[in-house]
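K.L.:
Sharing a structure below in structure tokens format, with a few things to ask.
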Amino acid sequence: MAQSRSGEALGASYRLVELIGSGAAGEVWRATVAPHDDQVAAKLLKPEHAADPGLVERFVRERSVLVSLRHPGIVRVRDLVVEGDRLAIVMDLVPGGSVGDLLEQSGPLPARDALTIAAEVLDALAAAHQRDVSHRDVKPDNVLLAEPWHPGLAGAVRVSDFGIASVVGEQDRRTTGLLGTPQYMAPELISNGRSGPAGDVYATGVMLYQLLAGRTPFAGPGTDFTVAYRHVTSTPPRLDLPGDVWAAIDGLLAKDPSARPAAAVAAERLRRLAAAHADLPALAAVEAPEGFDEIERPATIVRGAAAPGGGASGGSTAELESALAHGTDVAPEVQEARPDLGTDGSATVVRPLRRPVAEPATVVDAPPPTRLERVRQLAGSRPGWLTGRVAALGGVGVLLVVALVVGLVVLVPSGKGGEASAPATASAAANQQDQALPTGLGVSRDASSDTAAGTVTLAITWSAQAAPLSGPLLEVVPGLDSDAACPPVRWSSTEGPVSATRNQPSLTGVSAPCGWTVSGVEVPAGGSVEVEATFPLAVADAAALDEWLDAAATATSEAVGSDRVSGTAYPVQRLRDVVVTTPSRTVSQTALPVTLVPVWPSGPDELNPLYTSPSTGTPSQMLQDVAGGEAGVRFADGCSGALAVSTDGLVVTALSIAPQCVLRATVGNFTALESSTFGITARD
């Protein structure tokens, strides 16, 4: 049946040639690529996968990530094909067979070869983990060799099936019945259905154990569930290996994911061990043990257990000795007959029930009294001689004394020419507010001066509208005039840590004398953040301060609004618009490539896209700054049902033929965006 497919076309570029393998997820075919008939491997997923809309959606979404995953130790994914009821992953053809085949033919490997293979697998995993891609099904059958095996072979490992791990797995990285081999499942995957990079490291540790022993650590009698559960409850049987080699394996197989080394760290350690134990011979194949040692778990405490009648003599000496032999802690005062608790893998502690001790009452601090309440309290506790008449006379006396002092201050002349004394200090205040920018950023500035100290405090409030905003912001703090030196500024904020450095035009491309780059600012959607700048500046009066503040705001606006600036610095202040671009023509049943192009004051910048869909790796920092990352991007069908948008709004699939379509988008504060028209045609 399968061979009858030989010669069939796969998509527009591939043709099936020969079935070379099959597994739980589907079949692997040798295929050719037009026009030069290059050899590739095509993994055809089972037909029922194509009937799962959620899986198809993930399939399309992951395409760009998988195609861009590049490392010498990873089998390169060339393409993902969606065609009717057929889903296929097209990969490089690796001719040397798998490590699973090697184990069947050779049995346990010498330590040098086993450690080298595991180190090269971890190298490949480390590269994938850096791109936030986890394999989740590491096993010998998924580790291929670029050439036929021979002892001492290095550099030939190629890890395959990253596509299956990313596509068949659920989007939130929860396991499904389609993915995972019980022999290699990490404990956290079994306990809570979640796995990540640490799970890949664990599976590599299982495979290393198998390469050395000829069997996986928890293989034995029982169902798949029994084998899988041993990963959670049992310790791996010790192998007859040097202590440093076993310690490395034991670290990879740690039950706690946080206790396992990162893939890159583990790879380096195994490589050193391979060199140190190059002459260590292979072990004989290890048989499955009769039983597995369980990990230590907290003891169960049974309180208040006593036989009717009580008495210290109720239990026999034999019973007590048996309890102690099984690790049971028996309190002296309850050595009477105990209930039959059966056999348990952990110790059972029998202790009498202590009488509950009443806890002290919780004291709740009362709120401080109001001013009126304090007056009333004082009035209620005044001495007897303080009558209303005495209080009234005392108040009149106090008023007369105050009036006398004020009169002396006003009427007594100063020591020079009889002039009145001038105030010791004077201050001024000014405020200014910018019009909101297209990104939704609003800026208001409040300045106050201390004439005596010769300083100015500038309070800057940044606010956001529909989307959170973050990233470096430019603020110009000039001197009193164009010839004055830039004042030194001390920056602070009560709402979180901020840092400020002088703007460097060579790095930002923005020329702004006396400009500061303020980093660490995160403005929530609909909220605001305030920072303060304090610096020496001798302003004469309120008018001078107001003039200075207007000059500072104008200089900032002109710097970020200059059409002579190129580059992506200060996107929250410089971004003016977003253009949604698509191909003029696309094919039905394929993902629609979409690019969000930023528009600066100088014009569109196609070399530095804001976002591409399907996404390739981590979103740009610009997108994080102006829209809070992918959470601020949403696409919508503008083609009357000819487009399908994923549930997270980030991936668009062309469904049916349409002569003219548009795609709508929202990016942070930029709403009602719309692409140019494009057509959807049938596959040739």
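If you're wondering about the labels, chains in the structure tokens are A, B, ... by order shown, residues count from 1 in each chain, ligands from 1 in order shown.
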Name the residues in contact with region 521-524 of chain A at a cut-off of 6 Å, using only C-alpha atoms, excluding same-chain residues fewer than 2 positions from it; report them as a list in words.

P.N.:
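Near neighbours after the sequence-gap exclusion: Pro468, Leu469, Ser470, Ser519, Gly527, Ser528 and Val529 of chain A.
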
K.L.:
Could you list, with a cut-off of 12 Å and counting only C-alpha atoms, the residues of region 123-218 of chain A near region 95-116 of chain A, each shown with its nearest atom pair and the distance in Å rounded to one decimal, rows sorted by chain and ascending number, as a Markdown table?

P.N.:
| residue | atom | partner | partner_atom | distance |
| --- | --- | --- | --- | --- |
| A:Asp123 | CA | A:Thr116 | CA | 10.5 |
| A:Val138 | CA | A:Val99 | CA | 11.3 |
| A:Lys139 | CA | A:Gly100 | CA | 7.9 |
| A:Pro140 | CA | A:Gly100 | CA | 4.4 |
| A:Asp141 | CA | A:Gly100 | CA | 4.7 |
| A:Asn142 | CA | A:Ser98 | CA | 6.9 |
| A:Val143 | CA | A:Ser98 | CA | 5.6 |
| A:Leu144 | CA | A:Ser98 | CA | 4.1 |
| A:Leu145 | CA | A:Gly96 | CA | 4.6 |
| A:Ala146 | CA | A:Gly96 | CA | 5.0 |
| A:Glu147 | CA | A:Gly96 | CA | 4.1 |
| A:Pro148 | CA | A:Gly96 | CA | 4.5 |
| A:Trp149 | CA | A:Gly96 | CA | 7.1 |
| A:His150 | CA | A:Asp113 | CA | 9.6 |
| A:Pro151 | CA | A:Asp113 | CA | 6.9 |
| A:Gly152 | CA | A:Asp113 | CA | 6.1 |
| A:Leu153 | CA | A:Asp113 | CA | 7.5 |
| A:Ala154 | CA | A:Thr116 | CA | 7.0 |
| A:Gly155 | CA | A:Thr116 | CA | 8.8 |
| A:Ala156 | CA | A:Gly96 | CA | 8.6 |
| A:Val157 | CA | A:Val99 | CA | 8.7 |
| A:Arg158 | CA | A:Ser98 | CA | 9.0 |
| A:Val159 | CA | A:Ser98 | CA | 9.5 |
| A:Ser160 | CA | A:Ser98 | CA | 9.8 |
| A:Thr204 | CA | A:Leu115 | CA | 10.5 |
| A:Gly205 | CA | A:Leu115 | CA | 10.1 |
| A:Val206 | CA | A:Ala114 | CA | 11.7 |
| A:Met207 | CA | A:Ala114 | CA | 9.1 |
| A:Leu208 | CA | A:Ala114 | CA | 6.3 |
| A:Tyr209 | CA | A:Ala114 | CA | 8.7 |
| A:Gln210 | CA | A:Pro108 | CA | 7.4 |
| A:Leu211 | CA | A:Pro108 | CA | 5.3 |
| A:Leu212 | CA | A:Pro108 | CA | 5.0 |
| A:Ala213 | CA | A:Pro108 | CA | 5.5 |
| A:Gly214 | CA | A:Pro108 | CA | 4.7 |
| A:Arg215 | CA | A:Pro108 | CA | 8.4 |
| A:Thr216 | CA | A:Pro108 | CA | 11.2 |

K.L.:
Those same residues - N, CA and C atoms - I'd like them written as an mmCIF file, in the first residue's frame.

P.N.:
data_model
loop_
_atom_site.group_PDB
_atom_site.id
_atom_site.type_symbol
_atom_site.label_atom_id
_atom_site.label_comp_id
_atom_site.auth_asym_id
_atom_site.auth_seq_id
_atom_site.Cartn_x
_atom_site.Cartn_y
_atom_site.Cartn_z
ATOM 1 N N ASP A 123 24.940 19.400 22.431
ATOM 2 C CA ASP A 123 25.318 20.592 21.657
ATOM 3 C C ASP A 123 24.159 21.045 20.775
ATOM 4 N N VAL A 138 13.624 13.156 22.739
ATOM 5 C CA VAL A 138 14.993 12.709 22.477
ATOM 6 C C VAL A 138 15.080 11.215 22.783
ATOM 7 N N LYS A 139 15.558 10.449 21.819
ATOM 8 C CA LYS A 139 15.754 9.004 21.984
ATOM 9 C C LYS A 139 16.672 8.536 20.861
ATOM 10 N N PRO A 140 17.240 7.337 20.961
ATOM 11 C CA PRO A 140 18.196 6.885 19.940
ATOM 12 C C PRO A 140 17.647 6.885 18.526
ATOM 13 N N ASP A 141 16.361 6.577 18.350
ATOM 14 C CA ASP A 141 15.799 6.545 16.998
ATOM 15 C C ASP A 141 15.752 7.926 16.363
ATOM 16 N N ASN A 142 15.776 8.985 17.175
ATOM 17 C CA ASN A 142 15.741 10.346 16.649
ATOM 18 C C ASN A 142 17.120 10.986 16.563
ATOM 19 N N VAL A 143 18.162 10.202 16.826
ATOM 20 C CA VAL A 143 19.540 10.681 16.689
ATOM 21 C C VAL A 143 20.162 9.923 15.521
ATOM 22 N N LEU A 144 20.430 10.629 14.429
ATOM 23 C CA LEU A 144 20.940 10.009 13.210
ATOM 24 C C LEU A 144 22.446 10.242 13.090
ATOM 25 N N LEU A 145 23.057 9.491 12.188
ATOM 26 C CA LEU A 145 24.497 9.594 11.943
ATOM 27 C C LEU A 145 24.735 9.979 10.492
ATOM 28 N N ALA A 146 25.636 10.930 10.292
ATOM 29 C CA ALA A 146 25.893 11.426 8.945
ATOM 30 C C ALA A 146 26.674 10.433 8.100
ATOM 31 N N GLU A 147 27.299 9.433 8.723
ATOM 32 C CA GLU A 147 28.048 8.412 8.002
ATOM 33 C C GLU A 147 27.981 7.114 8.789
ATOM 34 N N PRO A 148 28.288 5.993 8.160
ATOM 35 C CA PRO A 148 28.237 4.715 8.878
ATOM 36 C C PRO A 148 29.141 4.734 10.102
ATOM 37 N N TRP A 149 28.697 4.043 11.144
ATOM 38 C CA TRP A 149 29.406 4.095 12.431
ATOM 39 C C TRP A 149 30.715 3.303 12.396
ATOM 40 N N HIS A 150 31.699 3.868 13.093
ATOM 41 C CA HIS A 150 32.917 3.135 13.409
ATOM 42 C C HIS A 150 33.438 3.688 14.722
ATOM 43 N N PRO A 151 34.129 2.879 15.530
ATOM 44 C CA PRO A 151 34.598 3.354 16.839
ATOM 45 C C PRO A 151 35.432 4.626 16.702
ATOM 46 N N GLY A 152 35.177 5.558 17.617
ATOM 47 C CA GLY A 152 35.897 6.823 17.602
ATOM 48 C C GLY A 152 35.291 7.871 16.695
ATOM 49 N N LEU A 153 34.183 7.563 16.014
ATOM 50 C CA LEU A 153 33.549 8.534 15.112
ATOM 51 C C LEU A 153 33.072 9.750 15.909
ATOM 52 N N ALA A 154 33.377 10.947 15.422
ATOM 53 C CA ALA A 154 32.960 12.187 16.079
ATOM 54 C C ALA A 154 32.450 13.159 15.026
ATOM 55 N N GLY A 155 31.560 14.035 15.447
ATOM 56 C CA GLY A 155 31.021 15.050 14.548
ATOM 57 C C GLY A 155 29.960 14.554 13.601
ATOM 58 N N ALA A 156 29.466 13.331 13.792
ATOM 59 C CA ALA A 156 28.495 12.762 12.855
ATOM 60 C C ALA A 156 27.063 12.796 13.375
ATOM 61 N N VAL A 157 26.846 13.224 14.620
ATOM 62 C CA VAL A 157 25.500 13.189 15.207
ATOM 63 C C VAL A 157 24.615 14.251 14.569
ATOM 64 N N ARG A 158 23.395 13.847 14.225
ATOM 65 C CA ARG A 158 22.381 14.762 13.687
ATOM 66 C C ARG A 158 21.054 14.460 14.406
ATOM 67 N N VAL A 159 20.587 15.395 15.196
ATOM 68 C CA VAL A 159 19.332 15.208 15.939
ATOM 69 C C VAL A 159 18.171 15.563 15.016
ATOM 70 N N SER A 160 17.220 14.664 14.897
ATOM 71 C CA SER A 160 16.087 14.877 13.990
ATOM 72 C C SER A 160 14.789 14.999 14.771
ATOM 73 N N THR A 204 18.313 12.898 27.337
ATOM 74 C CA THR A 204 19.674 12.607 26.879
ATOM 75 C C THR A 204 20.416 11.774 27.911
ATOM 76 N N GLY A 205 20.174 12.053 29.205
ATOM 77 C CA GLY A 205 20.767 11.235 30.261
ATOM 78 C C GLY A 205 20.285 9.801 30.195
ATOM 79 N N VAL A 206 19.000 9.602 29.899
ATOM 80 C CA VAL A 206 18.464 8.238 29.748
ATOM 81 C C VAL A 206 19.148 7.542 28.574
ATOM 82 N N MET A 207 19.300 8.267 27.471
ATOM 83 C CA MET A 207 19.935 7.676 26.294
ATOM 84 C C MET A 207 21.404 7.342 26.568
ATOM 85 N N LEU A 208 22.109 8.214 27.299
ATOM 86 C CA LEU A 208 23.498 7.927 27.653
ATOM 87 C C LEU A 208 23.582 6.654 28.506
ATOM 88 N N TYR A 209 22.683 6.522 29.468
ATOM 89 C CA TYR A 209 22.616 5.304 30.287
ATOM 90 C C TYR A 209 22.434 4.090 29.375
ATOM 91 N N GLN A 210 21.547 4.206 28.399
ATOM 92 C CA GLN A 210 21.271 3.093 27.490
ATOM 93 C C GLN A 210 22.482 2.771 26.621
ATOM 94 N N LEU A 211 23.209 3.798 26.167
ATOM 95 C CA LEU A 211 24.397 3.560 25.348
ATOM 96 C C LEU A 211 25.469 2.809 26.131
ATOM 97 N N LEU A 212 25.518 3.025 27.442
ATOM 98 C CA LEU A 212 26.528 2.376 28.276
ATOM 99 C C LEU A 212 26.086 1.002 28.779
ATOM 100 N N ALA A 213 24.779 0.852 29.044
ATOM 101 C CA ALA A 213 24.284 -0.378 29.677
ATOM 102 C C ALA A 213 23.543 -1.301 28.731
ATOM 103 N N GLY A 214 23.135 -0.791 27.572
ATOM 104 C CA GLY A 214 22.351 -1.619 26.659
ATOM 105 C C GLY A 214 20.875 -1.624 26.971
ATOM 106 N N ARG A 215 20.445 -0.911 27.999
ATOM 107 C CA ARG A 215 19.031 -0.818 28.387
ATOM 108 C C ARG A 215 18.805 0.526 29.056
ATOM 109 N N THR A 216 17.582 1.008 29.039
ATOM 110 C CA THR A 216 17.267 2.264 29.719
ATOM 111 C C THR A 216 17.167 2.007 31.222
#

K.L.:
List every residue of region 454-565 of chain A that DSSP, applied to the backbone, labels as strand (DSSP E or B), and write the result as a PyMOL selection string.

P.N.:
chain A and resi 455-463+469-470+473-476+490-492+499-502+515-519+522-523+528-536

K.L.:
So that I have them on file, write out the residues from the current selection with C-alpha atoms, as a CSV table (one decimal), in the first residue's frame.

P.N.:
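What ended up in selection-v2.csv:
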chain,number,residue,atom,x,y,z
A,455,THR,CA,18.9,74.1,41.3
A,456,VAL,CA,16.0,73.1,39.2
A,457,THR,CA,13.9,69.9,39.6
A,458,LEU,CA,12.3,68.6,36.4
A,459,ALA,CA,9.5,66.1,36.9
A,460,ILE,CA,8.7,64.2,33.7
A,461,THR,CA,5.5,62.1,33.4
A,462,TRP,CA,5.3,59.6,30.6
A,463,SER,CA,1.8,58.1,29.9
A,469,LEU,CA,5.4,51.2,26.3
A,470,SER,CA,8.9,50.7,27.3
A,473,LEU,CA,13.5,57.4,25.9
A,474,LEU,CA,15.3,60.6,25.0
A,475,GLU,CA,15.1,63.8,27.1
A,476,VAL,CA,17.1,67.0,26.4
A,490,ARG,CA,20.8,63.4,38.8
A,491,TRP,CA,17.9,61.1,37.9
A,492,SER,CA,15.6,59.3,40.2
A,499,SER,CA,19.2,54.6,34.6
A,500,ALA,CA,20.2,57.5,32.4
A,501,THR,CA,23.3,58.0,30.3
A,502,ARG,CA,24.3,60.7,27.9
A,515,GLY,CA,20.4,64.7,25.4
A,516,TRP,CA,19.9,61.9,27.9
A,517,THR,CA,18.9,58.3,27.2
A,518,VAL,CA,16.6,57.2,30.0
A,519,SER,CA,16.4,53.4,30.3
A,522,GLU,CA,8.0,50.7,31.6
A,523,VAL,CA,4.7,52.5,31.2
A,528,SER,CA,1.9,56.6,33.7
A,529,VAL,CA,5.4,56.7,35.1
A,530,GLU,CA,7.2,59.7,36.6
A,531,VAL,CA,10.9,60.4,36.8
A,532,GLU,CA,12.7,63.4,38.3
A,533,ALA,CA,15.9,65.1,37.1
A,534,THR,CA,17.7,67.5,39.5
A,535,PHE,CA,20.5,69.7,38.2
A,536,PRO,CA,22.2,73.1,38.9

K.L.:
Would you pick out the contacts of Val28 (chain A) at 9 Å or less, using only C-alpha atoms, so that residues sharing its chain but fewer than 3 positions from it are not included, and give the list as a ChimeraX atom specification?

P.N.:
/A:18-23,41-45

K.L.:
Suppose you want the space between CA of Ala266 (chain A) and CA of Ala288 (chain A); what is it in Å?

P.N.:
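About the pair CA of Ala266 (chain A) and CA of Ala288 (chain A): they are 26.8 Å apart.
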
K.L.:
Residues within 12 Å of Leu592 (chain A), please, as a PyMOL selection string. Count only C-alpha atoms; anything in the same chain fewer than 4 positions from it doesn't count.

P.N.:
chain A and resi 60-61+63-64+581-588+612-615+635+637+642-646+650-655+661-663+678-680

K.L.:
Extract, using only C-alpha atoms, all DNA, RNA and protein residues at most 7 Å from Val201 (chain A), discarding same-chain residues fewer than 4 positions from it, and format them as an MDAnalysis selection string.

P.N.:
chainID A and resid 197 205 252 263

K.L.:
With distances taken over only C-alpha atoms, which of A:Gly632, A:Pro242, A:Gly479, A:Gly251 is nearest to Trp548 (chain A)?

P.N.:
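Under the stated criterion, the closest residue is A:Gly479.
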
K.L.:
Taking only C-alpha atoms into account, which of A:Pro609, A:Pro289, A:Gly668, A:Pro53 comes nearest Ala466 (chain A)?

P.N.:
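Ranked by minimum distance to Ala466 (chain A), first place goes to A:Gly668.
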
K.L.:
Using DSSP on the backbone coordinates, identify all residues within region 133-291 of chain A classified as helix (DSSP H, G or I); present the result as a PyMOL selection string.

P.N.:
chain A and resi 140-142+162-168+182-184+187-192+197-213+224-233+243-252+257-259+263-276

K.L.:
Record the distance separating CA of Ser482 (chain A) and CA of Ala552 (chain A), expressed in Å with one decimal.

P.N.:
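So the two atoms, CA of Ser482 (chain A) and CA of Ala552 (chain A), lie 11.1 Å apart.
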
K.L.:
Check the smallest atom-to-atom distance from each of A:Ala658, A:Ala525, A:Val489, A:Ala452 to Gly638 (chain A) using only C-alpha atoms, then report the winner.

P.N.:
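The answer is A:Ala658, which sits nearest to Gly638 (chain A).
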
K.L.:
Tell me which protein, DNA and RNA residues are within 7 Å of Val33 (chain A), counting only C-alpha atoms, leaving out same-chain ones fewer than 5 positions away, and put them as a list in words.

P.N.:
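These residues fall inside the cut-off: Ser13, Tyr14, Arg15, Asp38 and Gln39 of chain A.
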
K.L.:
Report, in Å with one decimal, the straight-line distance from CA of Gly442 (chain A) to CA of Ala467 (chain A).

P.N.:
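Separation of CA of Gly442 (chain A) and CA of Ala467 (chain A): 12.2 Å.
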